[in-house]
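The file upload.cif contains mmCIF, C-alpha atoms; chains and numbers go by the auth columns:
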data_final
#
loop_
_atom_site.group_PDB
_atom_site.id
_atom_site.type_symbol
_atom_site.label_atom_id
_atom_site.label_comp_id
_atom_site.label_asym_id
_atom_site.label_seq_id
_atom_site.Cartn_x
_atom_site.Cartn_y
_atom_site.Cartn_z
_atom_site.B_iso_or_equiv
_atom_site.auth_seq_id
_atom_site.auth_asym_id
ATOM 1 C CA GLN A 1 97.908 76.692 72.495 0.00 23 J
ATOM 2 C CA VAL A 2 97.771 78.897 75.545 0.00 24 J
ATOM 3 C CA GLN A 3 94.950 81.414 75.763 0.00 25 J
ATOM 4 C CA LEU A 4 94.820 84.523 77.877 0.00 26 J
ATOM 5 C CA VAL A 5 91.630 86.488 78.288 0.00 27 J
ATOM 6 C CA GLU A 6 91.741 89.949 79.827 0.00 28 J
ATOM 7 C CA ALA A 7 88.784 91.835 81.215 0.00 29 J
ATOM 8 C CA GLY A 8 88.001 94.792 83.407 0.00 30 J
ATOM 9 C CA GLY A 9 88.921 97.790 81.316 0.00 31 J
ATOM 10 C CA GLY A 10 86.667 100.741 80.733 0.00 32 J
ATOM 11 C CA LEU A 11 86.146 104.468 80.877 0.00 33 J
ATOM 12 C CA VAL A 12 87.003 106.002 84.232 0.00 34 J
ATOM 13 C CA GLN A 13 87.464 109.496 85.583 0.00 35 J
ATOM 14 C CA PRO A 14 90.835 110.717 86.827 0.00 36 J
ATOM 15 C CA GLY A 15 91.431 109.388 90.302 0.00 37 J
ATOM 16 C CA GLY A 16 89.267 106.357 89.690 0.00 38 J
ATOM 17 C CA SER A 17 90.048 102.669 90.014 0.00 39 J
ATOM 18 C CA LEU A 18 89.604 99.468 88.083 0.00 40 J
ATOM 19 C CA ARG A 19 90.615 95.864 88.489 0.00 41 J
ATOM 20 C CA LEU A 20 91.880 94.047 85.448 0.00 42 J
ATOM 21 C CA SER A 21 91.864 90.277 85.275 0.00 43 J
ATOM 22 C CA CYS A 22 93.667 87.818 83.040 0.00 44 J
ATOM 23 C CA VAL A 23 92.482 84.238 82.913 0.00 45 J
ATOM 24 C CA VAL A 24 95.060 81.802 81.576 0.00 46 J
ATOM 25 C CA SER A 25 94.241 78.426 80.045 0.00 47 J
ATOM 26 C CA ARG A 26 97.295 76.832 81.626 0.00 48 J
ATOM 27 C CA ASN A 27 98.735 76.678 85.126 0.00 49 J
ATOM 28 C CA ILE A 28 100.326 80.085 85.566 0.00 50 J
ATOM 29 C CA PHE A 29 103.232 78.591 87.513 0.00 51 J
ATOM 30 C CA ARG A 30 104.381 76.865 84.335 0.00 52 J
ATOM 31 C CA PHE A 31 105.545 80.269 83.122 0.00 53 J
ATOM 32 C CA ASP A 32 108.586 82.149 84.291 0.00 54 J
ATOM 33 C CA ALA A 33 106.441 85.166 85.016 0.00 55 J
ATOM 34 C CA MET A 34 103.135 86.853 84.362 0.00 56 J
ATOM 35 C CA GLY A 35 103.199 90.435 83.239 0.00 57 J
ATOM 36 C CA TRP A 36 100.918 93.337 82.505 0.00 58 J
ATOM 37 C CA TYR A 37 101.980 95.617 79.698 0.00 59 J
ATOM 38 C CA ARG A 38 100.308 98.605 78.124 0.00 60 J
ATOM 39 C CA GLN A 39 100.424 100.443 74.864 0.00 61 J
ATOM 40 C CA ALA A 40 99.222 103.997 74.544 0.00 62 J
ATOM 41 C CA PRO A 41 98.346 105.535 71.164 0.00 63 J
ATOM 42 C CA GLY A 42 101.481 106.299 69.215 0.00 64 J
ATOM 43 C CA LYS A 43 103.752 104.726 71.797 0.00 65 J
ATOM 44 C CA GLU A 44 105.563 101.459 72.201 0.00 66 J
ATOM 45 C CA ARG A 45 104.300 98.717 74.461 0.00 67 J
ATOM 46 C CA GLU A 46 105.771 99.025 77.941 0.00 68 J
ATOM 47 C CA LEU A 47 105.948 96.882 81.042 0.00 69 J
ATOM 48 C CA VAL A 48 103.582 97.935 83.809 0.00 70 J
ATOM 49 C CA ALA A 49 103.980 95.169 86.375 0.00 71 J
ATOM 50 C CA ARG A 50 105.416 91.696 86.512 0.00 72 J
ATOM 51 C CA ILE A 51 105.207 88.835 88.972 0.00 73 J
ATOM 52 C CA GLU A 52 107.647 85.974 88.722 0.00 74 J
ATOM 53 C CA SER A 53 106.702 82.391 89.488 0.00 75 J
ATOM 54 C CA GLY A 54 108.692 82.677 92.701 0.00 76 J
ATOM 55 C CA GLY A 55 106.733 85.729 93.747 0.00 77 J
ATOM 56 C CA SER A 56 109.116 88.582 92.987 0.00 78 J
ATOM 57 C CA ILE A 57 107.295 91.658 91.723 0.00 79 J
ATOM 58 C CA ILE A 58 108.434 94.684 89.796 0.00 80 J
ATOM 59 C CA TYR A 59 106.538 97.793 88.754 0.00 81 J
ATOM 60 C CA ALA A 60 107.194 100.547 86.294 0.00 82 J
ATOM 61 C CA ASP A 61 108.206 103.704 88.128 0.00 83 J
ATOM 62 C CA SER A 62 105.190 105.494 86.694 0.00 84 J
ATOM 63 C CA VAL A 63 102.725 103.182 88.459 0.00 85 J
ATOM 64 C CA LYS A 64 104.471 102.422 91.751 0.00 86 J
ATOM 65 C CA GLY A 65 102.186 103.006 94.685 0.00 87 J
ATOM 66 C CA ARG A 66 99.092 103.100 92.467 0.00 88 J
ATOM 67 C CA PHE A 67 98.961 99.706 90.743 0.00 89 J
ATOM 68 C CA THR A 68 99.102 96.275 92.348 0.00 90 J
ATOM 69 C CA ILE A 69 99.651 92.965 90.596 0.00 91 J
ATOM 70 C CA SER A 70 98.418 89.764 92.194 0.00 92 J
ATOM 71 C CA ARG A 71 97.507 86.235 91.267 0.00 93 J
ATOM 72 C CA ASP A 72 95.114 83.459 92.180 0.00 94 J
ATOM 73 C CA SER A 73 96.750 80.158 91.319 0.00 95 J
ATOM 74 C CA ALA A 74 93.557 78.196 91.890 0.00 96 J
ATOM 75 C CA LYS A 75 91.861 80.230 89.191 0.00 97 J
ATOM 76 C CA ASN A 76 94.915 80.601 86.936 0.00 98 J
ATOM 77 C CA THR A 77 94.190 84.296 87.028 0.00 99 J
ATOM 78 C CA VAL A 78 96.380 87.346 87.339 0.00 100 J
ATOM 79 C CA TYR A 79 94.994 90.691 88.433 0.00 101 J
ATOM 80 C CA LEU A 80 96.057 94.277 88.135 0.00 102 J
ATOM 81 C CA GLN A 81 94.444 96.681 90.557 0.00 103 J
ATOM 82 C CA VAL A 82 94.791 100.173 89.154 0.00 104 J
ATOM 83 C CA ASN A 83 94.111 103.095 91.474 0.00 105 J
ATOM 84 C CA SER A 84 94.471 106.867 91.303 0.00 106 J
ATOM 85 C CA LEU A 85 94.251 106.727 87.546 0.00 107 J
ATOM 86 C CA LYS A 86 95.665 109.533 85.478 0.00 108 J
ATOM 87 C CA SER A 87 95.065 110.531 81.888 0.00 109 J
ATOM 88 C CA GLU A 88 98.496 109.192 81.015 0.00 110 J
ATOM 89 C CA ASP A 89 97.360 105.719 82.077 0.00 111 J
ATOM 90 C CA THR A 90 95.061 105.610 79.065 0.00 112 J
ATOM 91 C CA ALA A 91 96.165 102.629 77.000 0.00 113 J
ATOM 92 C CA VAL A 92 95.378 99.102 75.967 0.00 114 J
ATOM 93 C CA TYR A 93 96.540 96.784 78.719 0.00 115 J
ATOM 94 C CA TYR A 94 97.867 93.365 77.770 0.00 116 J
ATOM 95 C CA CYS A 95 98.525 90.309 79.855 0.00 117 J
ATOM 96 C CA CYS A 96 101.568 88.215 79.013 0.00 118 J
ATOM 97 C CA ALA A 97 102.564 84.724 80.071 0.00 119 J
ATOM 98 C CA GLU A 98 106.340 84.815 79.818 0.00 120 J
ATOM 99 C CA GLY A 99 107.863 81.514 78.848 0.00 121 J
ATOM 100 C CA GLY A 100 111.488 82.432 79.559 0.00 122 J
ATOM 101 C CA ALA A 101 114.512 81.660 77.436 0.00 123 J
ATOM 102 C CA ALA A 102 113.352 78.328 76.043 0.00 124 J
ATOM 103 C CA ASP A 103 109.621 78.842 75.650 0.00 125 J
ATOM 104 C CA PRO A 104 107.471 81.376 73.868 0.00 126 J
ATOM 105 C CA ASP A 105 105.517 84.213 75.393 0.00 127 J
ATOM 106 C CA TYR A 106 101.764 84.258 75.104 0.00 128 J
ATOM 107 C CA TRP A 107 99.648 87.402 74.915 0.00 129 J
ATOM 108 C CA GLY A 108 96.037 88.237 75.490 0.00 130 J
ATOM 109 C CA GLN A 109 93.931 90.386 73.217 0.00 131 J
ATOM 110 C CA GLY A 110 94.107 93.417 75.493 0.00 132 J
ATOM 111 C CA THR A 111 91.632 95.468 77.472 0.00 133 J
ATOM 112 C CA ARG A 112 91.370 99.217 77.092 0.00 134 J
ATOM 113 C CA ILE A 113 91.478 101.750 79.904 0.00 135 J
ATOM 114 C CA THR A 114 90.453 105.284 79.077 0.00 136 J
ATOM 115 C CA VAL A 115 90.927 107.889 81.763 0.00 137 J
ATOM 116 C CA SER A 116 88.947 111.001 81.015 0.00 138 J
ATOM 117 C CA SER A 117 86.672 113.471 82.721 0.00 139 J
#
This structure in structure tokens:
Amino acid sequence: QVQLVEAGGGLVQPGGSLRLSCVVSRNIFRFDAMGWYRQAPGKERELVARIESGGSIIYADSVKGRFTISRDSAKNTVYLQVNSLKSEDTAVYYCCAEGGAADPDYWGQGTRITVSS
């Protein structure tokens, strides 16, 4: 069983920054991609950022220029640097190890970001 453990969330003022981390119990390159998703109250879970095993990265339009996804293969860890936070970024952020067509996806338990003054 693959385990993902997120950390780094918290309460932050508008304009603030945080760095989320996701430690994976398996070599992250065994997955097609690693993704960060978020789910705000009353809304569906949405993709925030995704990095493929080959290095290609995509971001949701709403976070482009503010969020940065990265990885440390030696630590089997994926990061999400979140800057210039807005109230609409308030959500639970989930890390996902995407298995691709033939393998399952694995999810962490989530870490909450609350942006409020």
Counting all atoms listed in the file, which residues come within 12 Å of (94.3, 80.9, 76.1), with the point read in the file's coordinates, and could you list them as a count of residues only?
23
Closest of J:Glu74, J:Asp83, J:Asp94, J:Asp111 to Phe53 of chain J, counting all atoms listed in the file, is J:Glu74
For Leu69 of chain J, the nearest of the candidates J:Ser39, J:Lys108, J:Ala29, J:Tyr116, counting only C-alpha atoms
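The answer is J:Tyr116, which sits nearest to Leu69 of chain J.
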Expressed in Å to a single decimal, how great is the separation between atom CA of Gln103 of chain J and atom CA of Gly121 of chain J?
23.4 Å
Selected residue of minimal separation from Ile73 of chain J among J:Thr90, J:Thr112, J:Ser106, J:Gln35, counting all atoms listed in the file
J:Thr90
Do you know which residues the PyMOL selection byres ((chain J and resi 42) around 6) returns on this file, as a ChimeraX atom specification?
/J:29-30,41,43,101-102
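Note that the spacing between atom CA of Ser95 of chain J and atom CA of Arg60 of chain J amounts to 23.0 Å.
Using only C-alpha atoms, the smallest distance between any of J:Ala62, J:Leu40, J:Ala124, J:Ile79 and Glu110 of chain J comes from J:Ala62.
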Applying the PyMOL selection byres ((chain J and resi 113) around 12) to the file I just gave you, which residues come out? Please list them as a ChimeraX atom specification.
/J:31-33,58-68,70,107-112,114-116,132-138
Point-to-point distance from atom CA of Asp54 of chain J to atom CA of Gly76 of chain J, Å rounded to tenths:
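Spanning atom CA of Asp54 of chain J to atom CA of Gly76 of chain J is a straight-line distance of 8.4 Å.
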Closest of J:Ala55, J:Val104, J:Arg88, J:Gly38 to Gly122 of chain J - atom-to-atom distances counting all atoms listed in the file:
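The answer is J:Ala55, which sits nearest to Gly122 of chain J.
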Out of J:Arg93, J:Asn105, J:Glu120, J:Pro126, which residue has the shortest atom-to-atom distance to Val34 of chain J when counting all atoms listed in the file?
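For Val34 of chain J, the nearest of the candidates is J:Asn105.
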Could you write segment 23-58 of chain J as a short mmCIF file (atom, residue, chain, number, x, y, z; two decimals), in the coordinates of the input, with N, CA and C atoms rebuilt where they are missing?
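Dumped everything to part-v7.cif:
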data_model
loop_
_atom_site.label_atom_id
_atom_site.label_comp_id
_atom_site.auth_asym_id
_atom_site.auth_seq_id
_atom_site.Cartn_x
_atom_site.Cartn_y
_atom_site.Cartn_z
N GLN J 23 97.83 75.24 72.57
CA GLN J 23 97.91 76.69 72.50
C GLN J 23 97.40 77.30 73.80
N VAL J 24 98.15 78.23 74.30
CA VAL J 24 97.77 78.90 75.54
C VAL J 24 96.90 80.10 75.22
N GLN J 25 95.82 80.26 75.95
CA GLN J 25 94.95 81.41 75.76
C GLN J 25 94.92 82.27 77.01
N LEU J 26 94.93 83.57 76.80
CA LEU J 26 94.82 84.52 77.88
C LEU J 26 93.66 85.45 77.55
N VAL J 27 92.79 85.64 78.50
CA VAL J 27 91.63 86.49 78.29
C VAL J 27 91.60 87.57 79.36
N GLU J 28 91.78 88.82 78.91
CA GLU J 28 91.74 89.95 79.83
C GLU J 28 90.33 90.51 79.91
N ALA J 29 90.06 91.14 81.02
CA ALA J 29 88.78 91.84 81.22
C ALA J 29 88.97 92.91 82.27
N GLY J 30 88.00 93.82 82.33
CA GLY J 30 88.00 94.79 83.41
C GLY J 30 88.29 96.22 83.00
N GLY J 31 88.65 96.43 81.75
CA GLY J 31 88.92 97.79 81.32
C GLY J 31 87.65 98.61 81.19
N GLY J 32 87.83 99.88 80.91
CA GLY J 32 86.67 100.74 80.73
C GLY J 32 87.03 102.20 80.76
N LEU J 33 86.00 103.02 80.79
CA LEU J 33 86.15 104.47 80.88
C LEU J 33 86.02 104.88 82.34
N VAL J 34 87.00 105.62 82.82
CA VAL J 34 87.00 106.00 84.23
C VAL J 34 87.51 107.43 84.35
N GLN J 35 87.02 108.13 85.36
CA GLN J 35 87.46 109.50 85.58
C GLN J 35 88.83 109.52 86.26
N PRO J 36 89.56 110.59 86.10
CA PRO J 36 90.84 110.72 86.83
C PRO J 36 90.63 110.49 88.32
N GLY J 37 91.54 109.74 88.90
CA GLY J 37 91.43 109.39 90.30
C GLY J 37 90.68 108.11 90.57
N GLY J 38 90.06 107.57 89.54
CA GLY J 38 89.27 106.36 89.69
C GLY J 38 90.10 105.09 89.74
N SER J 39 89.40 103.98 89.88
CA SER J 39 90.05 102.67 90.01
C SER J 39 89.35 101.63 89.14
N LEU J 40 90.12 100.62 88.79
CA LEU J 40 89.60 99.47 88.08
C LEU J 40 90.40 98.25 88.52
N ARG J 41 89.85 97.09 88.29
CA ARG J 41 90.62 95.86 88.49
C ARG J 41 90.58 95.06 87.20
N LEU J 42 91.75 94.86 86.65
CA LEU J 42 91.88 94.05 85.45
C LEU J 42 92.12 92.60 85.84
N SER J 43 91.62 91.69 85.05
CA SER J 43 91.86 90.28 85.28
C SER J 43 92.37 89.63 83.99
N CYS J 44 93.12 88.57 84.17
CA CYS J 44 93.67 87.82 83.04
C CYS J 44 93.55 86.34 83.39
N VAL J 45 92.67 85.67 82.70
CA VAL J 45 92.48 84.24 82.91
C VAL J 45 93.32 83.47 81.90
N VAL J 46 94.12 82.56 82.41
CA VAL J 46 95.06 81.80 81.58
C VAL J 46 94.59 80.35 81.46
N SER J 47 94.74 79.79 80.28
CA SER J 47 94.24 78.43 80.04
C SER J 47 95.20 77.35 80.53
N ARG J 48 96.30 77.76 81.12
CA ARG J 48 97.30 76.83 81.63
C ARG J 48 97.73 77.28 83.01
N ASN J 49 98.23 76.36 83.80
CA ASN J 49 98.74 76.68 85.13
C ASN J 49 99.75 77.81 85.03
N ILE J 50 99.47 78.91 85.71
CA ILE J 50 100.33 80.08 85.57
C ILE J 50 101.73 79.85 86.12
N PHE J 51 101.90 78.86 86.97
CA PHE J 51 103.23 78.59 87.51
C PHE J 51 104.12 77.85 86.53
N ARG J 52 103.56 77.48 85.38
CA ARG J 52 104.38 76.86 84.34
C ARG J 52 105.15 77.92 83.55
N PHE J 53 104.85 79.18 83.81
CA PHE J 53 105.54 80.27 83.12
C PHE J 53 106.55 80.92 84.07
N ASP J 54 107.58 81.47 83.47
CA ASP J 54 108.59 82.15 84.29
C ASP J 54 107.97 83.32 85.05
N ALA J 55 107.05 84.00 84.39
CA ALA J 55 106.44 85.17 85.02
C ALA J 55 105.15 85.51 84.29
N MET J 56 104.33 86.27 84.97
CA MET J 56 103.14 86.85 84.36
C MET J 56 103.30 88.36 84.40
N GLY J 57 103.00 88.99 83.29
CA GLY J 57 103.20 90.44 83.24
C GLY J 57 102.00 91.17 82.68
N TRP J 58 101.87 92.40 83.10
CA TRP J 58 100.92 93.34 82.50
C TRP J 58 101.72 94.40 81.77
#
